[in-house]
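Notes follow the structure.
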Amino acid sequence: MILPPFELHNPNSIKEAIEISQKVKNEGFDYVSGGTDLLQNYKNRLNVKPHLISLKNIKETRSIQNFNIGAMVTLDEISKNKTLQKDFTGLVEACSQVGSILVRKTATIGGNVLIDNRCYFYNQTPFWRTSLGACLKAESDTCRVIPQKEYCVATFSSDSAPMLVAVDAKYELEGKNGKRIVESSDFYTHDGIKRNFKDESEIITKIKIPKTTANLKTGYEKIRVRDTFDYPLVSVAAALKIDKDKKIENINIVLGAIGTYPIKNEDTTDLFKGEKISNSMIKEISEKIQKKAQPYNNLTMPVSYRKKMVGVLCKRLLTRLTDS
Amino acid sequence: MSHTVGKKTPLVDGAQKVTGRAVYIDDIVLPGKVMLIGKILRSPFAHAKIKKIDYSKAKKLKGVYAIATAEDSDNRFGVLPITKDETAFAIDKVTFIGDQIAAVAATDEETAIKALDLIQVEYEELPPILKPEKSLAPISHPDQKIQPWSKYEGNIFKTVNQSFGNVEKALKKSSVVKNGKFSFNGVTHAFTEPMGVIASYGSDKKLTVWSSTQVPHYLHRALAEVMEMPMHRIKVIRPYVGGGFGGKSDPFPHEMAAAILSKKTGKPVKILFDRDEVFISNHGRHPTKTEMQMSATKDGEFTSLEIDALIDGGAWGSFGVITTYYNGVLSLGPYKIKNFNYNGNRVYTNKPASGAMRGHGAVNSRFAVETLIDEIAEDIDFDPCDLRIQNAYEPNSTTANGFRITSCGIKECIEKVKIASGWDKKFKQMPYGKGIGIGCGFYISGSALPINWERMPQSTVHVKIDFDGGVTVHSLAAEIGQGSDTVLAQCVGEVLKCDMSRIRIYSKNTDTAPIDLGSYSSRVTFMAGLAAKRAAEKIKKQILNAASKIMASPIENLELKNDRITELKTKSSISFNEAVREALHDSGALHGKGHYQAPNLNPGLPRVDELRGKESEKGAPMGGSHKGAAAGLSPSYSMGAYVCQLEVDAETGLVNVEKVWAAHDCGKALNPLAVEGQIEGCIHMGLGQALMESFDYNRNTGRIENPNFLDYRCIPPTMMPDVDVFMIESGDPEGPFGAKEAGEGPILPILPAVANAIYDAVGIRLRNLPMTPEKIISAIAKKK
Ligand SMILES: Cc1cc2nc3c(=O)[nH]c(=O)nc-3n(C[C@H](O)[C@H](O)[C@H](O)COP(=O)(O)OP(=O)(O)OC[C@H]3O[C@@H](n4cnc5c(N)ncnc54)[C@H](O)[C@@H]3O)c2cc1C
C-alpha cells in the first residue's frame, strides 16, 4: 500500500519543530523520528494526519551523555553503547530485541517509548477493516476484543518502556508550554487510544536514567515466535538490588505487551523485600505475578499461552539475575 | 569430462538481479505512453448476492478513465480446462472475502483508491460455508451451492476413490496398525514480488500483457478466451519474476481485469498487488484434514495404507482435481505399499481459493505417512532409518497404481543422512529436549499427461546460431528465480561445448518462443532441458558437417571441445566460429528445434491414442488403465531423505532447529549450485509450515486474519539451521544428462523429520500443523 499524501516538514531545532506544530495544529500533525512505527500505520490509513514534522535534522537529541539518552538515539546505538552495556544491561537487552536489525538501525528510543498500541483488530489494512467493521481505535465505536469495553485495550508493545519503568526513568519533554520532566511510570494511561499524558505539542527530548541504576541488576526477557521481526507476545523487565548477604534490598518487575501500558507489580514484589534470594522464592514471585497477569485476547497467540509465559519469563529472568 | 553440466554455475541472470538492473513488472515504463493504474474493488463478504453495483460517482471522479465489472466480460476461465470456474469479475454473487467485483483505471494510485471508495455495491448476505465438513453435506437450498456448475453433491468439487490390492487381507497378516487424524492449516508461497500485470491494447487491435507469471502459455490461452481474441493477436511477456512457488501458476482475474481496462481505455493499465491482495489471491496450499492408517508385519514389511483426505479448496477449482489425486497417489512411493485405499474429497468453501504450492498435493499426506512409519518402527522395535530402507523401492519398479519408477536412489539417500548425522549415536540417546528425526519424500518430475489433452509436445525449444557465432535459445519455460534459464543454457552448452558466454536465453515472449507449458509440476529441467538438448544436437550436427567439409575428414574423427573442433588424428583444429560460418554460407542462420513429449502412456488410458504416434518418446509405457491413472504419472520420480536435529524448550514450546542433513536424488545435479539452493529453500519453506506458518481464517466470516508478514510468520534468516546437502546422482535413464527434479520434492522430508525429532526430544506427537509453541507445551503438559 502506498503512503497517503502528507506534507513533510524538516525543522532543525526543537524550537522550530514546536513552532511548526503550532502553525499546523488545526489541520493535524504527527511528529516522526525513525518512522518505523508511524509510517506502517499510515500505510494502513490509520489516523493519518496531513502534516508530518520530522525530527531527523535535530542534532540536540542525538547523543548519549552519561545516563541521559537523547530521544533520537537509535536502538542499535543503545545496543552497542559500552556504558549502557555495563551499567544498564536490561535496556541493552530490551533494545537489541526490538524488531529486526534493519528496524533497529532506524528506530529511535523516543519513538519506542511512544509507539502506538497494537491490536489484532487495528493493525490491519483498510480492506481488512471494511470486511467486518473496524474497532474503537479505528473507524468504529465497538471494541472487537471486548465488545462492552468503553476504552481501548490495544496492547502497549514497546520493549524499552517496561525496562525504563522498572528503574524509575524519567522523560524530558518540551512543548508549547516549555520543558517538563515526567516519571515514566506515571506517563502511560489505561486507554489504548490516548496512550499517554503527552501534550500534542510536546516532543520527548531525553530519557533520563537514575544514576543509581548502575548499582542494580537489570534484565529483560521477551517471548516471540521468531527471534527477529516479532513484537513481544509478553515481556518481563526486572531491576534488582541485592545486598552482600543475597538479600533483596529492592525489586521491580514490570510486564510488557500484556496490557495497555507497562504493568508494575509492587504489590507482589514489595512482600519479598529484605528476604534472602532462593529458588523457592523466585518460584513464588513468578507464580504470583503470573496469576495476576491478565492479557487481552488481541495478539496472535492465545491468552492462556501468554499468561503462562509470564511465569516462565519471570522465573528465568530472576534466576539469571541472581545467579551471577 | 562434462563441459558445463555438473559444474557449479552462477545463474545467468544473477548479475542483473543483484545489481538491481533486472526489470520486474513494477519497473516497466512504456516509452511515450500514459500508463494508467488499476485498482480492484473486492468483496467484504464471503458469500453474498450482488444486488446492484453503482459506479456513477466513481466514474465522475477526475482522473478516472474506466471502470470494469462483470458487464464487460462473463467468460469463464481456469487453469484446468475441465474446471473453468473463474471469471474476471464476480457475476451475480461473491464467493469469498476478496472476490473481485470491479476494477478502476485512473491516472494514479491515489485517485484509483478514491474511486473504489465511491463505488456502491448492494449485497444480500448469504450464510457463508466455511467448514469443509459442511461442504460435504447435501444442500437444502440452491443459494447454498457455492459454484452452481459442480456436478457433485453438496459443495463437493471432486471426489476420488481408489483402491489397489486388498487392504482387508493385508491387515490380517499385519501385526501393527497405526492410525491418526491429522490436520494442516493453509499456507502461502510468500514469494517476494507481489503479483503484477500490465496490459496494453493497441490501436492495431493487438493485446500485449506483461505479467509476473509462471505460466505464460496458460495465461495466453485464458486471455484469448476471456477477451474473445485469437491467440495470435495476443502477446504475453514475462519479465523477471520475483518468485512463484506455485502461487503464480494460474491465470488470474486481475490479469483479465487489466486487459479489459486497457481495451476500454486504449491505454496501458498496470495493476500491482498489495501484500494483502497477494494473500487473498495466491491459491496457497490447501488446508487439509487427513485420516490415515498404515500397517506392517512384525518383520517390518509395510502391508497397507489407507488415506481419507478432506481438502479445503476455497471458492475456485484451480489445480484442485490434481490436488485431490496427489493427496493419495503420491504416498505410493518411495516405499513398497501394495495395498491401498484412498478416499479424497476436495470441497468448495467460501474462502479464497487454494491451489498449487511447492510439493503440490504431496506435503500433507507425506507428513502423515512418515509420522506413522516412525510409530510403527517404535512398536516393532526397528530403527526408523532401517525400516525405511527395508521397504524402499529399487530402480526399475512399478508401484501399486502403475507408476513407473526408473532411477531410484532412495536407499542411498537414507544411508547417507543416517551416517552423516551420526544417527546411531544420537537417536533415543540425547538428553531430554534434544532430538533427532528422519523423513523421506517422493515426487514427480513433470506430469506425463499435460493439462490440455492435445497432441502437442510439452516443451519445444529453438536454438539459433547466426554469423556472430552467438547461440540464442528460445523457450517459454518461465524463469522465476529457480534457475531455468541457466539450466537451458547449460544443456545447450554441454552439447555444443561452447563457451557459456556465447549463449543467450530468450524465454520471456510468446511471440518468439515456441510453446512450453510453464514452470510448475517440477517439469522444466526434465522436459525443457531435453528439448533444449535435442535442439542443440541438431545444430551440432550441422556444425560438424561443416567442419568435416573444411577439414576434409569424416565426422567420426572430429571432436567438439572448448569452442574448437579438432581432427583427432592430425590434431589440427578450427574454431567454433569458422565451422559456424561455413555451415551457414549457403543457408543462412543455423536453426535447431527440439521437443519433449512424455513416453507412451499405457494404451488403456483414456484418450491415450491421441497422445501416441511417432511424436512420443521411446521409453517404456507407463501407468495403469484405471480411472485417474494418469494423475501423478511422471517420466521420472525424485526422492530424498532428511535428518533433522533440534532442541525443544519444554517450558516455552519454542523449537530451535539446529541442523539438517539433506539427501536428495535429483538424478544428476546439472547445476549443483542451483540444486543446493533449491534444497535449502525447500527446507526454509517446510520449516515454516511445520512450525509457524498458517492462514488464520475468521471462524464466522472466512476472512484471512493475518494477511501480512508480521502476523503470518515465515522463518527468518536468523532461524535457518545449518544444512548439509547431499546430491544423490542416480542417473536417470531418460532425463537430460541423467537429471530429474530438485525444486519441489525436497520440501517433503523436512516437515515429518521435524515432527519425528520433536518426538525424540520430548516424547510428544503433534498431528496438527503448524506445531506452534502453545501446542507443544500443551501436549507436554498433557503427557505429564
Ligand atoms: C517489523 C517491525 C517490527 C517491530 N518490532 C518491534 C518490537 O519488537 N518491539 C518494539 O518495541 N517495537 C517494534 N517495532 C516498532 C518500532 O520500530 C519501534 O518501536 C521503534 O523504536 C519506534 O521508533 P521510531 O523512531 O521509528 O518511531 P516513529 O515511528 O517515528 O514514531 C512512533 C510514535 O512516536 C512519536 N514520536 C517519535 N519520536 C518522538 C519524539 N521524540 N517526541 C514526540 N513524539 C515522538 C510519533 O509521532 C509516533 O506517534 C517494530 C516495527 C516494525 C516495522
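Just remember, in the C-alpha cells the first chain shown is A, the second B, etc., residues are 1-based per chain, and ligands are 1-based in the order shown.
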Secondary structure check, strand (DSSP E or B) residues of stretch 69-175 of chain A, as a PyMOL selection string: chain A and resi 69-70+74+108+118+155+170-175
Atoms kept (all heavy atoms) for selection, written as a CSV table (one decimal), in the first residue's frame:
```
chain,number,residue,atom,x,y,z
A,69,ILE,N,19.8,9.8,27.7
A,69,ILE,CA,19.8,9.3,26.3
A,69,ILE,C,19.0,10.2,25.5
A,69,ILE,O,17.8,10.4,25.8
A,69,ILE,CB,19.3,7.9,26.3
A,69,ILE,CG1,20.1,7.0,27.2
A,69,ILE,CG2,19.3,7.4,24.9
A,69,ILE,CD1,19.5,5.6,27.3
A,70,GLY,N,19.5,10.8,24.5
A,70,GLY,CA,18.8,11.7,23.6
A,70,GLY,C,17.7,10.9,22.9
A,70,GLY,O,17.9,9.7,22.6
A,74,THR,N,19.4,5.9,18.2
A,74,THR,CA,18.7,4.7,17.7
A,74,THR,C,18.9,3.5,18.6
A,74,THR,O,19.8,3.5,19.4
A,74,THR,CB,19.3,4.3,16.3
A,74,THR,OG1,20.6,3.8,16.4
A,74,THR,CG2,19.2,5.4,15.3
A,108,THR,N,14.1,4.8,16.9
A,108,THR,CA,14.7,5.6,18.0
A,108,THR,C,14.1,5.2,19.3
A,108,THR,O,13.0,4.7,19.3
A,108,THR,CB,14.5,7.1,17.7
A,108,THR,OG1,13.0,7.4,17.8
A,108,THR,CG2,15.0,7.6,16.4
A,118,ARG,N,-1.0,-1.7,20.0
A,118,ARG,CA,-1.2,-2.7,18.9
A,118,ARG,C,-2.4,-3.6,19.2
A,118,ARG,O,-2.6,-4.0,20.4
A,118,ARG,CB,0.0,-3.5,18.6
A,118,ARG,CG,1.2,-2.7,18.2
A,118,ARG,CD,2.3,-3.6,17.8
A,118,ARG,NE,2.0,-4.4,16.6
A,118,ARG,CZ,2.0,-4.0,15.4
A,118,ARG,NH1,2.4,-2.8,15.1
A,118,ARG,NH2,1.7,-4.8,14.4
A,155,THR,N,-2.7,-3.4,22.9
A,155,THR,CA,-1.5,-3.7,23.8
A,155,THR,C,-0.4,-2.7,23.5
A,155,THR,O,0.0,-2.4,22.4
A,155,THR,CB,-1.1,-5.1,23.4
A,155,THR,OG1,-2.1,-6.0,23.6
A,155,THR,CG2,0.1,-5.5,24.2
A,170,LYS,N,13.0,8.8,33.8
A,170,LYS,CA,12.2,9.9,33.6
A,170,LYS,C,12.3,10.4,32.1
A,170,LYS,O,13.3,10.1,31.5
A,170,LYS,CB,12.6,11.1,34.5
A,170,LYS,CG,12.5,10.8,36.0
A,170,LYS,CD,13.0,12.0,36.8
A,170,LYS,CE,12.8,11.9,38.3
A,170,LYS,NZ,13.3,10.7,38.9
A,171,TYR,N,11.2,11.0,31.7
A,171,TYR,CA,11.3,11.5,30.3
A,171,TYR,C,11.3,13.0,30.4
A,171,TYR,O,10.5,13.6,31.1
A,171,TYR,CB,10.0,11.1,29.5
A,171,TYR,CG,9.8,9.6,29.4
A,171,TYR,CD1,8.5,9.1,29.1
A,171,TYR,CD2,10.9,8.7,29.5
A,171,TYR,CE1,8.3,7.7,29.0
A,171,TYR,CE2,10.6,7.3,29.3
A,171,TYR,CZ,9.4,6.8,29.1
A,171,TYR,OH,9.1,5.5,29.0
A,172,GLU,N,12.2,13.6,29.5
A,172,GLU,CA,12.2,15.1,29.4
A,172,GLU,C,11.4,15.5,28.2
A,172,GLU,O,11.6,15.0,27.1
A,172,GLU,CB,13.6,15.6,29.3
A,172,GLU,CG,13.7,17.1,29.3
A,172,GLU,CD,15.1,17.6,29.1
A,172,GLU,OE1,15.9,17.6,30.1
A,172,GLU,OE2,15.5,17.8,27.9
A,173,LEU,N,10.4,16.3,28.4
A,173,LEU,CA,9.5,16.8,27.3
A,173,LEU,C,9.6,18.3,27.1
A,173,LEU,O,9.9,19.0,28.0
A,173,LEU,CB,8.0,16.5,27.7
A,173,LEU,CG,7.7,15.0,28.0
A,173,LEU,CD1,6.2,15.0,28.6
A,173,LEU,CD2,7.8,14.1,26.8
A,174,GLU,N,9.5,18.7,25.9
A,174,GLU,CA,9.5,20.1,25.6
A,174,GLU,C,8.3,20.4,24.6
A,174,GLU,O,8.1,19.7,23.6
A,174,GLU,CB,10.8,20.5,25.0
A,174,GLU,CG,11.0,22.0,25.0
A,174,GLU,CD,12.5,22.4,24.6
A,174,GLU,OE1,13.4,21.5,24.7
A,174,GLU,OE2,12.6,23.5,24.1
A,175,GLY,N,7.5,21.4,25.0
A,175,GLY,CA,6.3,21.7,24.1
A,175,GLY,C,6.0,23.2,24.2
A,175,GLY,O,6.8,24.0,24.6
```
Exercise answer, 7 Å around ligand 1 with only C-alpha atoms and all ligand atoms, as a ChimeraX atom specification: /A:30-40,55,71-72,75,97-100,103-104,106-112,114-116,157-160,202-205,229-232 /B:710
Who sits within 6 Å of A:Thr260, only C-alpha atoms, same chain under 3 positions skipped, as a list in words: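 Neighbouring residues, sequence-local ones excluded: Val153, Ala154, Thr155, Phe156, His190 and Gly192 of chain A.
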Contact set, chain B to chain A: 7 Å, only C-alpha atoms, as a list in words: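 Output check: Pro44, Phe45, Asp274, Glu651, Thr652, Leu710, Asp711, Pro716 and Glu774 of chain B.
By only C-alpha atoms, and with residues fewer than 2 positions from B:Leu126 along its chain excluded, the set lying at most 7 Å from it is His47, Ala48, Glu124 and Pro128 of chain B.
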Take the residues from that selection and put them in a file with N, CA, C and O atoms, as a PDB file, in the first residue's frame.
```pdb
ATOM      1  N   HIS B  47     -19.919 -14.588   1.277  1.00  0.00           N
ATOM      2  CA  HIS B  47     -20.967 -15.199   0.470  1.00  0.00           C
ATOM      3  C   HIS B  47     -22.125 -14.214   0.412  1.00  0.00           C
ATOM      4  O   HIS B  47     -22.745 -13.930   1.436  1.00  0.00           O
ATOM      5  N   ALA B  48     -22.401 -13.698  -0.752  1.00  0.00           N
ATOM      6  CA  ALA B  48     -23.489 -12.716  -0.851  1.00  0.00           C
ATOM      7  C   ALA B  48     -23.909 -12.568  -2.303  1.00  0.00           C
ATOM      8  O   ALA B  48     -23.111 -12.753  -3.217  1.00  0.00           O
ATOM      9  N   GLU B 124     -26.837  -8.878  -0.832  1.00  0.00           N
ATOM     10  CA  GLU B 124     -27.732  -9.611   0.058  1.00  0.00           C
ATOM     11  C   GLU B 124     -26.886 -10.740   0.624  1.00  0.00           C
ATOM     12  O   GLU B 124     -26.488 -11.672  -0.083  1.00  0.00           O
ATOM     13  N   PRO B 128     -22.178 -17.883   4.994  1.00  0.00           N
ATOM     14  CA  PRO B 128     -21.001 -18.462   4.359  1.00  0.00           C
ATOM     15  C   PRO B 128     -20.800 -19.922   4.784  1.00  0.00           C
ATOM     16  O   PRO B 128     -21.124 -20.291   5.908  1.00  0.00           O
TER      17      PRO B 128
END
```
Pick from B:Leu449, B:Ile156, B:Ala190, B:Met292 nearest to B:Ile139, counting only C-alpha atoms: B:Ile156
Nearest to B:Leu171 by atom-to-atom distance, counting only C-alpha atoms, from B:His462, B:Leu558, B:Arg221, B:Ser304: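 Answer, going by the shortest atom-to-atom distance: B:Ser304.
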Alpha helix (DSSP H) residues, from DSSP on the backbone, in stretch 104-136 of chain B, as a list in words: Glu109, Glu110, Thr111, Ala112, Ile113, Lys114, Ala115, Leu116, Asp117, Leu118, Pro132, Glu133, Lys134, Ser135 and Leu136 of chain B
Computed interatomic separation between atom CA of B:Ile311 and atom CA of B:Leu130 (Å):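 If I compute the distance from atom CA of B:Ile311 to atom CA of B:Leu130, I get 12.3 Å.
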Given only C-alpha atoms as the counted atoms, nearest of A:Leu317, A:Ile251, A:Ile20, A:Val73 to A:His51: A:Ile20
Nearby residues (only C-alpha atoms) at most 10 Å from B:Asn339, same-chain spacing under 5 positions excluded, as a PyMOL selection string: chain B and resi 163-171+294-295+302-306+332+400-401
Given the selection you just returned, output its residues as a file containing all heavy atoms, formatted as a CSV table (one decimal), in the first residue's frame.
```
chain,number,residue,atom,x,y,z
B,163,SER,N,-8.5,-47.8,-5.1
B,163,SER,CA,-8.2,-49.0,-4.3
B,163,SER,C,-7.3,-49.9,-5.1
B,163,SER,O,-7.6,-50.2,-6.2
B,163,SER,CB,-9.5,-49.7,-4.0
B,163,SER,OG,-9.3,-50.7,-3.0
B,164,PHE,N,-6.2,-50.3,-4.5
B,164,PHE,CA,-5.3,-51.2,-5.1
B,164,PHE,C,-5.0,-52.3,-4.1
B,164,PHE,O,-4.8,-52.0,-2.9
B,164,PHE,CB,-4.0,-50.5,-5.6
B,164,PHE,CG,-4.2,-49.3,-6.4
B,164,PHE,CD1,-4.1,-48.0,-5.9
B,164,PHE,CD2,-4.6,-49.5,-7.8
B,164,PHE,CE1,-4.4,-46.9,-6.7
B,164,PHE,CE2,-4.9,-48.4,-8.6
B,164,PHE,CZ,-4.8,-47.1,-8.1
B,165,GLY,N,-4.8,-53.5,-4.7
B,165,GLY,CA,-4.5,-54.6,-3.8
B,165,GLY,C,-5.7,-54.9,-2.9
B,165,GLY,O,-6.9,-54.6,-3.3
B,166,ASN,N,-5.5,-55.4,-1.7
B,166,ASN,CA,-6.6,-55.7,-0.8
B,166,ASN,C,-6.2,-55.4,0.6
B,166,ASN,O,-5.5,-56.2,1.3
B,166,ASN,CB,-6.9,-57.2,-1.0
B,166,ASN,CG,-8.2,-57.6,-0.2
B,166,ASN,OD1,-8.5,-57.0,0.9
B,166,ASN,ND2,-8.9,-58.6,-0.7
B,167,VAL,N,-6.7,-54.3,1.1
B,167,VAL,CA,-6.3,-53.8,2.4
B,167,VAL,C,-6.7,-54.7,3.5
B,167,VAL,O,-6.0,-55.0,4.4
B,167,VAL,CB,-6.8,-52.3,2.6
B,167,VAL,CG1,-6.6,-51.9,4.1
B,167,VAL,CG2,-6.1,-51.4,1.7
B,168,GLU,N,-8.0,-55.2,3.3
B,168,GLU,CA,-8.6,-56.0,4.4
B,168,GLU,C,-7.7,-57.2,4.6
B,168,GLU,O,-7.4,-57.6,5.8
B,168,GLU,CB,-9.9,-56.4,3.9
B,168,GLU,CG,-11.0,-56.3,5.0
B,168,GLU,CD,-12.4,-56.5,4.4
B,168,GLU,OE1,-12.9,-55.5,3.8
B,168,GLU,OE2,-12.9,-57.6,4.5
B,169,LYS,N,-7.3,-57.9,3.5
B,169,LYS,CA,-6.5,-59.1,3.6
B,169,LYS,C,-5.1,-58.7,4.2
B,169,LYS,O,-4.6,-59.5,5.1
B,169,LYS,CB,-6.3,-59.6,2.2
B,169,LYS,CG,-6.7,-61.1,2.1
B,169,LYS,CD,-6.9,-61.5,0.7
B,169,LYS,CE,-5.8,-62.5,0.2
B,169,LYS,NZ,-5.9,-62.7,-1.3
B,170,ALA,N,-4.6,-57.6,3.8
B,170,ALA,CA,-3.3,-57.2,4.3
B,170,ALA,C,-3.3,-57.0,5.8
B,170,ALA,O,-2.4,-57.3,6.5
B,170,ALA,CB,-2.8,-55.9,3.5
B,171,LEU,N,-4.4,-56.4,6.3
B,171,LEU,CA,-4.5,-56.1,7.7
B,171,LEU,C,-4.4,-57.4,8.5
B,171,LEU,O,-3.9,-57.5,9.6
B,171,LEU,CB,-5.7,-55.4,8.0
B,171,LEU,CG,-5.7,-53.9,7.6
B,171,LEU,CD1,-7.1,-53.2,7.8
B,171,LEU,CD2,-4.7,-53.1,8.5
B,294,MET,N,-1.9,-47.1,8.6
B,294,MET,CA,-0.8,-47.8,8.0
B,294,MET,C,-0.5,-49.0,8.8
B,294,MET,O,-0.6,-49.0,10.0
B,294,MET,CB,0.4,-46.9,7.9
B,294,MET,CG,1.5,-47.4,7.0
B,294,MET,SD,2.7,-46.1,6.7
B,294,MET,CE,3.8,-47.1,5.7
B,295,SER,N,-0.2,-50.1,8.1
B,295,SER,CA,0.1,-51.4,8.8
B,295,SER,C,1.3,-52.0,8.3
B,295,SER,O,1.9,-51.7,7.3
B,295,SER,CB,-1.1,-52.3,8.6
B,295,SER,OG,-1.2,-52.7,7.2
B,302,PHE,N,5.9,-53.2,5.2
B,302,PHE,CA,4.7,-52.4,5.2
B,302,PHE,C,3.6,-53.1,4.4
B,302,PHE,O,3.9,-53.6,3.3
B,302,PHE,CB,4.9,-51.0,4.4
B,302,PHE,CG,5.9,-50.1,5.1
B,302,PHE,CD1,6.6,-49.1,4.4
B,302,PHE,CD2,6.2,-50.3,6.5
B,302,PHE,CE1,7.4,-48.3,5.1
B,302,PHE,CE2,7.1,-49.4,7.1
B,302,PHE,CZ,7.7,-48.4,6.4
B,303,THR,N,2.4,-53.2,5.0
B,303,THR,CA,1.4,-54.1,4.3
B,303,THR,C,0.3,-53.2,3.7
B,303,THR,O,-0.2,-53.6,2.6
B,303,THR,CB,0.8,-55.1,5.3
B,303,THR,OG1,0.6,-54.4,6.5
B,303,THR,CG2,1.8,-56.2,5.5
B,304,SER,N,-0.1,-52.2,4.3
B,304,SER,CA,-1.2,-51.4,3.7
B,304,SER,C,-1.2,-50.0,4.2
B,304,SER,O,-0.6,-49.6,5.2
B,304,SER,CB,-2.6,-52.1,4.1
B,304,SER,OG,-2.9,-51.7,5.5
B,305,LEU,N,-1.9,-49.2,3.4
B,305,LEU,CA,-2.1,-47.8,3.7
B,305,LEU,C,-3.5,-47.3,3.3
B,305,LEU,O,-4.0,-47.7,2.2
B,305,LEU,CB,-1.0,-47.0,2.8
B,305,LEU,CG,-1.0,-45.4,3.0
B,305,LEU,CD1,-0.7,-45.0,4.4
B,305,LEU,CD2,-0.1,-44.8,2.0
B,306,GLU,N,-4.1,-46.6,4.2
B,306,GLU,CA,-5.4,-46.1,3.9
B,306,GLU,C,-5.4,-44.6,4.2
B,306,GLU,O,-5.0,-44.2,5.2
B,306,GLU,CB,-6.5,-46.8,4.7
B,306,GLU,CG,-6.9,-48.1,4.2
B,306,GLU,CD,-8.1,-48.7,5.0
B,306,GLU,OE1,-7.9,-49.2,6.1
B,306,GLU,OE2,-9.2,-48.6,4.4
B,332,LEU,N,2.4,-43.4,-2.6
B,332,LEU,CA,2.6,-44.8,-3.0
B,332,LEU,C,4.1,-45.0,-3.3
B,332,LEU,O,4.5,-46.1,-3.8
B,332,LEU,CB,1.7,-45.2,-4.2
B,332,LEU,CG,0.3,-45.5,-3.6
B,332,LEU,CD1,-0.7,-45.6,-4.8
B,332,LEU,CD2,0.3,-46.8,-2.8
B,400,ALA,N,2.0,-49.8,-6.8
B,400,ALA,CA,0.8,-50.5,-6.8
B,400,ALA,C,-0.2,-49.9,-7.8
B,400,ALA,O,-1.0,-50.6,-8.4
B,400,ALA,CB,0.1,-50.4,-5.4
B,401,ASN,N,-0.1,-48.6,-8.1
B,401,ASN,CA,-1.0,-48.0,-9.1
B,401,ASN,C,-0.4,-47.8,-10.4
B,401,ASN,O,-0.9,-47.0,-11.2
B,401,ASN,CB,-1.5,-46.6,-8.5
B,401,ASN,CG,-0.3,-45.7,-8.3
B,401,ASN,OD1,0.8,-46.1,-8.1
B,401,ASN,ND2,-0.6,-44.4,-8.4
```
Residues near A:Tyr151, cut-off 12 Å, only C-alpha atoms, skip fewer than 3 positions along chain, as a list in words: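 Here the qualifying residues turn out to be Cys135, Leu136, Lys137, Asp141, Thr142, Cys143, Arg144, Val145, Ile146, Pro147, Gln148, Ala154, Thr189, His190, Asp191, Gly192, Ile193, Lys194, Arg195 and Thr260 of chain A.
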